[in-house]
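**Student:** Sharing a structure with you now.
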Amino acid sequence: MGMGGPSRRDLLAAAGMAGIAGCGRSGRPARKPLVSAIRVGSYQEDLADIIRRILREHKVRVQGRRILLKPNLVEFDPNTCINTNPRLVAAAIEAFRSAGAAEVHVAEGPGHRRCTLDMADAAGYFEAIPKFESVFTDLNVDDVFRTDLRNPVSKLRTVYFPKTPFRYDLILSMPKLKTHHWVGATLSMKNFFGFIPGNVYGWPKNILHWSGIDECIVDLYRCFPSHFAIVDGIVGMEGNGPIQGTQKASGVLVAGADLVATDASCCRIMRIDPKKIRYLRLAEDAGQTNAANIQQIGERLDSVSSEFALMPQWRWIRG
Amino acid sequence: MGNTFLNRAHRFSVESTVLELISYISEAQHPDGGWGQAGACSWTEPTAFAVYALASAGADGRAVDRGRAWLLRMQRADGGWPPHQAVGESTWVTAPVTIALAGLGEEGGAAKGRDWLVRQYGAELQSRPVMLGLMTRTRRVRTGAWPWFPGTAGWVTPTALSLLALEPEAHRPAIAERLAAGRAHLLSHVCADGGWNHGSPRALGYDAPSYPETTGQALVALRSETALPIGKAIEKAEADLAGCYTAQGAAWLALGLAAHGRAPRGFPRGLVVRDILDAAILLLAKLGLNGKRIF
């Protein structure tokens, strides 16, 4: 990328996505959404092979496509369960490359801390992913464009987005399985908050709080319609998530192309009632908060679920 | 999509000399006169800090002049600055630009920046009982802090930098009032560990830890304060500096300590300069440790 102004390609990409933003998902197939739960004991297992199997089972179109991995990178400490484990991200890079992806890139715009590359370094990303800087974009400082949201459910009417996510064919949301002190649970949809540029909105991205957190989750999710999720529940977080909670080893990866359905299954794994998670209710368009409307494969959810501790004010969402 | 700019920056660290940092910053200037970070375009914040750092170091006048011209071109009719040319609103970056322009003696632009800043407030929701205490009503109120983006809550970084930007006109009653309110806000938002984080020291009954960058920024902005929390904050800053993970954090801590007459002897070794913002703030800190008054 040159150091001058935005390229014609950048502008075309931005202009193209401006038309997409807020369009929601049209043409939803009538079939029930497929969600996998895969038992994974530790980050030492052959995660790339597991992800390859997920891609095959879900018939994810990878060949020749440009893939953007969006992990959840929040804090510096590699010994906590805050961030998506870098080994899982490294494995996803390997799996998508071996499945024929034209390009695999990683991007994140952390919400509280500014020095993203230092944070990625401290959190183990540089060690786990060779030449990490060459495959990573800090979305907080990426070039931006403005777009109007069509039919937003939040108070946001226009939003500035970083350009990089819109240059990719598929976004892989890779959140951590965590409870969240403002919205109950933070999963693959909430992970899209990282697409809001800190250089425009600050740290934290407080505009999203004022515009309605649950509603903004839905609006952002609809702005990125080509997506797939692999949720890192090998070690998740319970209690006062997403930052100050405690480690919870669940030993599971959860995957799916329908993020509402995937997040609803994650809630069941945490023994949270997905119907009580406001953003899931707002986003569902095929009754995905109802287990009967999801085709669950892999492990039975009751065999991998365990009670995630909830803060007192969130005990009412227990499923 | 490799980023040669970032990869080049990684050759620099806290061990880099003042001259090396000046050279790196000067060479990274964009053809339009501004500086950027990860993308191709110039951004206001790194440009403001790069200009201020180069000017403070007495560096190449041409780079400073081109940076100054870029900043002046970006000023909006309302007196503030947008963070990026694609953004159609003035935001908190008005504070660092105002500091930079004042440092260059560009008083016209700086004065308009201060006029914009003094009109900005953080917002907060306040609940009050109504109906004989049977119900509560929530209303939006102003705070003494500054927001990152207009219409949102006040936070530590924009507040600290706005205080520094407004200080030269502390004799104006309206500005004196905002300075007092802003300092009071910072003093009331100290974390339990003695430093500052982004601005939320306690949420839902849990104490949150401080961050090095924001602790340093708040200490700089509160350099005239001797209130009780300052002593504990200085101790926290000294402790954090030793184990700091980031060049930018270490630089802000050094600036904060120097502002209270406790300049450290140096920086922890091996911290990497990742981008222009890191380099500019580190350059300012190095100049500060060499006895130059910064801010």
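Please note that chains go A, B, ... in the order of the structure tokens, that every chain numbers its residues from 1, and that ligands are numbered from 1 in the order shown.
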Per residue of chain B within 9 Å of chain A, record the nearest atom pair and its distance in Å to one decimal, counting only C-alpha atoms, with rows in chain order and ascending residue number, as JSON lines.

**Tutor:**
```
{"residue": "B:Met1", "atom": "CA", "partner": "A:Ser134", "partner_atom": "CA", "distance": 6.3}
{"residue": "B:Gly2", "atom": "CA", "partner": "A:Ser134", "partner_atom": "CA", "distance": 4.1}
{"residue": "B:Asn3", "atom": "CA", "partner": "A:Ser134", "partner_atom": "CA", "distance": 6.1}
{"residue": "B:Thr4", "atom": "CA", "partner": "A:Met1", "partner_atom": "CA", "distance": 8.2}
{"residue": "B:Phe5", "atom": "CA", "partner": "A:Met3", "partner_atom": "CA", "distance": 8.4}
{"residue": "B:Leu6", "atom": "CA", "partner": "A:Glu133", "partner_atom": "CA", "distance": 7.7}
{"residue": "B:Asn7", "atom": "CA", "partner": "A:Glu133", "partner_atom": "CA", "distance": 7.3}
{"residue": "B:Ala28", "atom": "CA", "partner": "A:Met3", "partner_atom": "CA", "distance": 8.8}
{"residue": "B:Gln29", "atom": "CA", "partner": "A:Met3", "partner_atom": "CA", "distance": 9.0}
{"residue": "B:His30", "atom": "CA", "partner": "A:Met3", "partner_atom": "CA", "distance": 6.4}
{"residue": "B:Pro31", "atom": "CA", "partner": "A:Gly4", "partner_atom": "CA", "distance": 6.7}
{"residue": "B:Asp32", "atom": "CA", "partner": "A:Gly4", "partner_atom": "CA", "distance": 7.8}
{"residue": "B:Gly36", "atom": "CA", "partner": "A:Val141", "partner_atom": "CA", "distance": 8.4}
{"residue": "B:Gln37", "atom": "CA", "partner": "A:Val141", "partner_atom": "CA", "distance": 6.1}
{"residue": "B:Ala38", "atom": "CA", "partner": "A:Asp142", "partner_atom": "CA", "distance": 5.5}
{"residue": "B:Gly39", "atom": "CA", "partner": "A:Asp142", "partner_atom": "CA", "distance": 4.9}
{"residue": "B:Ala40", "atom": "CA", "partner": "A:Met3", "partner_atom": "CA", "distance": 4.6}
{"residue": "B:Cys41", "atom": "CA", "partner": "A:Gly5", "partner_atom": "CA", "distance": 5.2}
{"residue": "B:Ser42", "atom": "CA", "partner": "A:Gly5", "partner_atom": "CA", "distance": 8.1}
{"residue": "B:Trp43", "atom": "CA", "partner": "A:Val141", "partner_atom": "CA", "distance": 8.6}
{"residue": "B:Glu45", "atom": "CA", "partner": "A:Asn199", "partner_atom": "CA", "distance": 8.5}
{"residue": "B:Pro82", "atom": "CA", "partner": "A:Val200", "partner_atom": "CA", "distance": 8.4}
{"residue": "B:Pro83", "atom": "CA", "partner": "A:Val200", "partner_atom": "CA", "distance": 6.1}
{"residue": "B:His84", "atom": "CA", "partner": "A:Val200", "partner_atom": "CA", "distance": 7.7}
{"residue": "B:Ala86", "atom": "CA", "partner": "A:Phe145", "partner_atom": "CA", "distance": 5.9}
{"residue": "B:Val87", "atom": "CA", "partner": "A:Arg146", "partner_atom": "CA", "distance": 7.2}
{"residue": "B:Gly88", "atom": "CA", "partner": "A:Arg146", "partner_atom": "CA", "distance": 8.8}
{"residue": "B:Thr91", "atom": "CA", "partner": "A:Val200", "partner_atom": "CA", "distance": 8.0}
{"residue": "B:Trp92", "atom": "CA", "partner": "A:Gly202", "partner_atom": "CA", "distance": 8.7}
{"residue": "B:Pro147", "atom": "CA", "partner": "A:Gly202", "partner_atom": "CA", "distance": 8.4}
{"residue": "B:Trp148", "atom": "CA", "partner": "A:Gly202", "partner_atom": "CA", "distance": 5.2}
{"residue": "B:Phe149", "atom": "CA", "partner": "A:Tyr201", "partner_atom": "CA", "distance": 5.5}
{"residue": "B:Pro150", "atom": "CA", "partner": "A:Ile207", "partner_atom": "CA", "distance": 8.9}
{"residue": "B:Gly151", "atom": "CA", "partner": "A:Ile207", "partner_atom": "CA", "distance": 8.1}
{"residue": "B:Thr152", "atom": "CA", "partner": "A:Ile207", "partner_atom": "CA", "distance": 6.1}
{"residue": "B:Ala153", "atom": "CA", "partner": "A:Asn206", "partner_atom": "CA", "distance": 7.0}
{"residue": "B:Trp155", "atom": "CA", "partner": "A:Trp203", "partner_atom": "CA", "distance": 8.4}
{"residue": "B:Thr157", "atom": "CA", "partner": "A:Trp203", "partner_atom": "CA", "distance": 8.9}
{"residue": "B:Pro158", "atom": "CA", "partner": "A:Gly202", "partner_atom": "CA", "distance": 9.0}
{"residue": "B:Asn197", "atom": "CA", "partner": "A:His112", "partner_atom": "CA", "distance": 9.0}
{"residue": "B:His198", "atom": "CA", "partner": "A:Trp203", "partner_atom": "CA", "distance": 7.0}
{"residue": "B:Leu204", "atom": "CA", "partner": "A:His181", "partner_atom": "CA", "distance": 8.0}
{"residue": "B:Tyr206", "atom": "CA", "partner": "A:Gln244", "partner_atom": "CA", "distance": 8.3}
{"residue": "B:Ala208", "atom": "CA", "partner": "A:Gln244", "partner_atom": "CA", "distance": 8.0}
{"residue": "B:Tyr211", "atom": "CA", "partner": "A:Arg113", "partner_atom": "CA", "distance": 8.3}
{"residue": "B:Glu213", "atom": "CA", "partner": "A:Arg114", "partner_atom": "CA", "distance": 8.8}
{"residue": "B:Tyr245", "atom": "CA", "partner": "A:Asp118", "partner_atom": "CA", "distance": 6.8}
{"residue": "B:Thr246", "atom": "CA", "partner": "A:Asp118", "partner_atom": "CA", "distance": 5.9}
{"residue": "B:Ala247", "atom": "CA", "partner": "A:Asp118", "partner_atom": "CA", "distance": 8.6}
{"residue": "B:Gln248", "atom": "CA", "partner": "A:Cys115", "partner_atom": "CA", "distance": 7.6}
{"residue": "B:Gly249", "atom": "CA", "partner": "A:Cys115", "partner_atom": "CA", "distance": 8.5}
{"residue": "B:Leu271", "atom": "CA", "partner": "A:Asp118", "partner_atom": "CA", "distance": 8.8}
{"residue": "B:Val272", "atom": "CA", "partner": "A:Asp118", "partner_atom": "CA", "distance": 7.9}
{"residue": "B:Arg274", "atom": "CA", "partner": "A:Leu117", "partner_atom": "CA", "distance": 7.2}
{"residue": "B:Asp278", "atom": "CA", "partner": "A:Cys115", "partner_atom": "CA", "distance": 8.8}
```

**Student:** Applying 7 Å and only C-alpha atoms, which residues near region 15-27 of chain B remain after dropping the ones on its own chain fewer than 3 positions away? List them as a VMD selection string.

**Tutor:** chain B and resid 12 50 54 59 63 269 276 279 283 286

**Student:** Assign secondary structure with DSSP using the backbone only, and return the residues of region 109-160 of chain A in strand (DSSP E or B) as a ChimeraX atom specification.

**Tutor:** /A:136-138,144-148,158-160

**Student:** Just all heavy atoms for this one: save the residues we selected as a compact mmCIF listing (two decimals), in the first residue's frame.

**Tutor:**
```
# COMPACT_ATOMS: atom_id res chain seq x y z
N PHE A 136 -1.60 -8.42 9.65
CA PHE A 136 -2.52 -7.81 10.62
C PHE A 136 -2.77 -6.34 10.30
O PHE A 136 -1.85 -5.61 9.94
CB PHE A 136 -1.93 -7.91 12.03
CG PHE A 136 -2.81 -7.29 13.10
CD1 PHE A 136 -3.94 -7.95 13.56
CD2 PHE A 136 -2.51 -6.04 13.61
CE1 PHE A 136 -4.75 -7.37 14.52
CE2 PHE A 136 -3.33 -5.46 14.58
CZ PHE A 136 -4.45 -6.13 15.04
N THR A 137 -4.01 -5.92 10.49
CA THR A 137 -4.35 -4.49 10.40
C THR A 137 -5.02 -4.06 11.70
O THR A 137 -5.96 -4.71 12.17
CB THR A 137 -5.31 -4.23 9.22
OG1 THR A 137 -4.62 -4.51 8.01
CG2 THR A 137 -5.77 -2.77 9.20
N ASP A 138 -4.50 -2.97 12.26
CA ASP A 138 -5.13 -2.36 13.43
C ASP A 138 -6.28 -1.50 12.93
O ASP A 138 -6.06 -0.43 12.35
CB ASP A 138 -4.09 -1.52 14.18
CG ASP A 138 -4.68 -0.78 15.38
OD1 ASP A 138 -5.90 -0.91 15.62
OD2 ASP A 138 -3.91 -0.09 16.07
N VAL A 144 -10.61 5.38 6.87
CA VAL A 144 -12.05 5.22 7.12
C VAL A 144 -12.89 5.82 6.01
O VAL A 144 -12.42 6.62 5.21
CB VAL A 144 -12.45 5.89 8.46
CG1 VAL A 144 -11.77 5.20 9.64
CG2 VAL A 144 -12.15 7.38 8.45
N PHE A 145 -14.14 5.43 5.99
CA PHE A 145 -15.13 6.08 5.14
C PHE A 145 -16.43 6.15 5.93
O PHE A 145 -16.62 5.44 6.91
CB PHE A 145 -15.34 5.32 3.82
CG PHE A 145 -16.02 4.00 3.99
CD1 PHE A 145 -17.38 3.87 3.74
CD2 PHE A 145 -15.32 2.88 4.40
CE1 PHE A 145 -18.03 2.65 3.90
CE2 PHE A 145 -15.96 1.65 4.57
CZ PHE A 145 -17.31 1.54 4.31
N ARG A 146 -17.29 7.05 5.50
CA ARG A 146 -18.56 7.24 6.20
C ARG A 146 -19.69 6.61 5.40
O ARG A 146 -19.70 6.67 4.17
CB ARG A 146 -18.81 8.74 6.34
CG ARG A 146 -20.14 9.12 6.93
CD ARG A 146 -20.25 10.63 6.98
NE ARG A 146 -21.62 11.03 7.13
CZ ARG A 146 -22.01 12.10 7.83
NH1 ARG A 146 -21.12 12.86 8.40
NH2 ARG A 146 -23.27 12.40 7.93
N THR A 147 -20.63 6.01 6.10
CA THR A 147 -21.78 5.45 5.40
C THR A 147 -23.05 5.64 6.23
O THR A 147 -22.98 5.79 7.44
CB THR A 147 -21.57 3.95 5.09
OG1 THR A 147 -22.62 3.50 4.25
CG2 THR A 147 -21.53 3.10 6.35
N ASP A 148 -24.16 5.67 5.54
CA ASP A 148 -25.44 5.75 6.23
C ASP A 148 -25.93 4.34 6.52
O ASP A 148 -25.72 3.44 5.71
CB ASP A 148 -26.49 6.45 5.35
CG ASP A 148 -26.13 7.91 5.12
OD1 ASP A 148 -25.54 8.52 6.02
OD2 ASP A 148 -26.42 8.42 4.02
N THR A 158 -25.48 7.35 10.91
CA THR A 158 -24.32 7.22 10.04
C THR A 158 -23.19 6.65 10.89
O THR A 158 -23.20 6.77 12.12
CB THR A 158 -23.86 8.56 9.46
OG1 THR A 158 -23.45 9.40 10.54
CG2 THR A 158 -24.95 9.24 8.67
N VAL A 159 -22.24 6.06 10.21
CA VAL A 159 -21.11 5.48 10.95
C VAL A 159 -19.86 5.55 10.08
O VAL A 159 -19.95 5.50 8.85
CB VAL A 159 -21.44 4.03 11.39
CG1 VAL A 159 -21.58 3.10 10.20
CG2 VAL A 159 -20.43 3.49 12.37
N TYR A 160 -18.71 5.73 10.71
CA TYR A 160 -17.44 5.64 10.01
C TYR A 160 -16.90 4.22 10.20
O TYR A 160 -16.89 3.72 11.33
CB TYR A 160 -16.44 6.66 10.56
CG TYR A 160 -16.87 8.08 10.31
CD1 TYR A 160 -17.56 8.80 11.28
CD2 TYR A 160 -16.62 8.69 9.09
CE1 TYR A 160 -17.99 10.10 11.04
CE2 TYR A 160 -17.04 9.99 8.84
CZ TYR A 160 -17.72 10.69 9.82
OH TYR A 160 -18.14 11.97 9.58
```

**Student:** Among the residues of region 65-284 of chain B, find those DSSP assigns to alpha helix (DSSP H) from the backbone and print them as a ChimeraX atom specification.

**Tutor:** /B:65-74,94-103,107-118,156-166,173-187,212-221,228-242,247-259,276-284

**Student:** Nearest to Glu107 (chain B) among B:Ala160, B:Ala176, B:Ala48, B:Leu72, with distances taken over only C-alpha atoms: which residue is it?

**Tutor:**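 Using only C-alpha atoms, the shortest distance to Glu107 (chain B) belongs to B:Leu72.
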
**Student:** Give me the residues within 8 Å of region 183-186 of chain B as a PyMOL selection string, counting only C-alpha atoms and dropping any in the same chain fewer than 4 places off.

**Tutor:** chain B and resi 143-145+156+159-160+163+179+190+218+221-222

**Student:** May I ask which of the residues A:Pro175, A:Pro274, A:Gly64, A:Gly184 is the closest one to Glu108 (chain A), counting only C-alpha atoms?

**Tutor:** A:Pro175

**Student:** Give me the residues near Gly236 (chain A) as an MDAnalysis selection string, where near means some atom within 7 Å (using only C-alpha atoms) and where sequence neighbours in that chain fewer than 4 positions away do not count.

**Tutor:** chainID A and resid 81 176:178 247:250

**Student:** Keeping N, CA, C and O atoms for every residue in the selection just given, could you write it to a file as a PDB file, in the first residue's frame?

**Tutor:**
```
ATOM      1  N   CYS A  81      -7.862 -15.053  30.347  1.00  0.00           N
ATOM      2  CA  CYS A  81      -8.731 -15.650  29.335  1.00  0.00           C
ATOM      3  C   CYS A  81      -9.493 -14.556  28.592  1.00  0.00           C
ATOM      4  O   CYS A  81     -10.588 -14.793  28.104  1.00  0.00           O
ATOM      5  N   LYS A 176     -14.161 -14.830  21.972  1.00  0.00           N
ATOM      6  CA  LYS A 176     -14.013 -15.686  23.143  1.00  0.00           C
ATOM      7  C   LYS A 176     -15.419 -15.929  23.700  1.00  0.00           C
ATOM      8  O   LYS A 176     -16.287 -15.050  23.596  1.00  0.00           O
ATOM      9  N   LEU A 177     -15.623 -17.068  24.283  1.00  0.00           N
ATOM     10  CA  LEU A 177     -16.911 -17.381  24.922  1.00  0.00           C
ATOM     11  C   LEU A 177     -16.916 -16.708  26.298  1.00  0.00           C
ATOM     12  O   LEU A 177     -16.248 -17.198  27.222  1.00  0.00           O
ATOM     13  N   LYS A 178     -17.642 -15.583  26.404  1.00  0.00           N
ATOM     14  CA  LYS A 178     -17.552 -14.820  27.656  1.00  0.00           C
ATOM     15  C   LYS A 178     -18.913 -14.263  28.075  1.00  0.00           C
ATOM     16  O   LYS A 178     -19.740 -13.915  27.227  1.00  0.00           O
ATOM     17  N   GLN A 247     -11.505 -17.320  34.616  1.00  0.00           N
ATOM     18  CA  GLN A 247     -11.335 -18.360  33.605  1.00  0.00           C
ATOM     19  C   GLN A 247     -12.362 -19.478  33.779  1.00  0.00           C
ATOM     20  O   GLN A 247     -12.662 -19.873  34.896  1.00  0.00           O
ATOM     21  N   LYS A 248     -12.859 -19.971  32.663  1.00  0.00           N
ATOM     22  CA  LYS A 248     -13.813 -21.077  32.694  1.00  0.00           C
ATOM     23  C   LYS A 248     -13.461 -22.028  31.551  1.00  0.00           C
ATOM     24  O   LYS A 248     -13.660 -21.701  30.370  1.00  0.00           O
ATOM     25  N   ALA A 249     -12.900 -23.168  31.907  1.00  0.00           N
ATOM     26  CA  ALA A 249     -12.510 -24.137  30.884  1.00  0.00           C
ATOM     27  C   ALA A 249     -13.740 -24.905  30.428  1.00  0.00           C
ATOM     28  O   ALA A 249     -14.286 -25.711  31.185  1.00  0.00           O
ATOM     29  N   SER A 250     -14.183 -24.634  29.214  1.00  0.00           N
ATOM     30  CA  SER A 250     -15.371 -25.312  28.695  1.00  0.00           C
ATOM     31  C   SER A 250     -15.014 -26.392  27.694  1.00  0.00           C
ATOM     32  O   SER A 250     -15.841 -27.240  27.371  1.00  0.00           O
TER      33      SER A 250
END
```

**Student:** Do you have the CA of Lys190 (chain A)-CA of Tyr221 (chain A) distance handy?

**Tutor:** 8.0 Å

**Student:** Using only C-alpha atoms, which of B:Arg137, B:Gly33, B:Leu104, B:Gly261 sits nearest Ala53 (chain B)?

**Tutor:**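 Going through B:Arg137, B:Gly33, B:Leu104, B:Gly261 one by one, the smallest distance to Ala53 (chain B) is for B:Leu104.
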
**Student:** Need to verify the contact set: His227 (chain A), 8 Å, only C-alpha atoms, exclusion of same-chain residues closer than 2 positions in sequence. Can you return it as a ChimeraX atom specification?

**Tutor:** /A:170-173,224-225,229,257-259

**Student:** Might you pull out every residue within 10 Å of Arg68 (chain B), with only C-alpha atoms counted and same-chain residues fewer than 3 positions away left off, and present them as number ranges by chain?

**Tutor:** B: 33-34, 47-48, 51-52, 62-65, 71-74, 97, 100-101, 104, 106

**Student:** Please indicate the distance in Å from CA of Phe295 (chain B) to CA of Arg11 (chain B), rounded to one decimal place.

**Tutor:**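 Straight-line distance from CA of Phe295 (chain B) to CA of Arg11 (chain B) works out to 27.7 Å.
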
**Student:** To one decimal place, how far is CA of Val62 (chain A) from CA of Gly233 (chain A) in Å?

**Tutor:**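 So the two atoms, CA of Val62 (chain A) and CA of Gly233 (chain A), lie 23.6 Å apart.
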
**Student:** From the list B:Ala111, B:Leu277, B:Met135, B:Ile234, which residue is nearest Gly256 (chain B) when using only C-alpha atoms?

**Tutor:**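 Among the listed residues, the smallest separation from Gly256 (chain B) belongs to B:Ile234.
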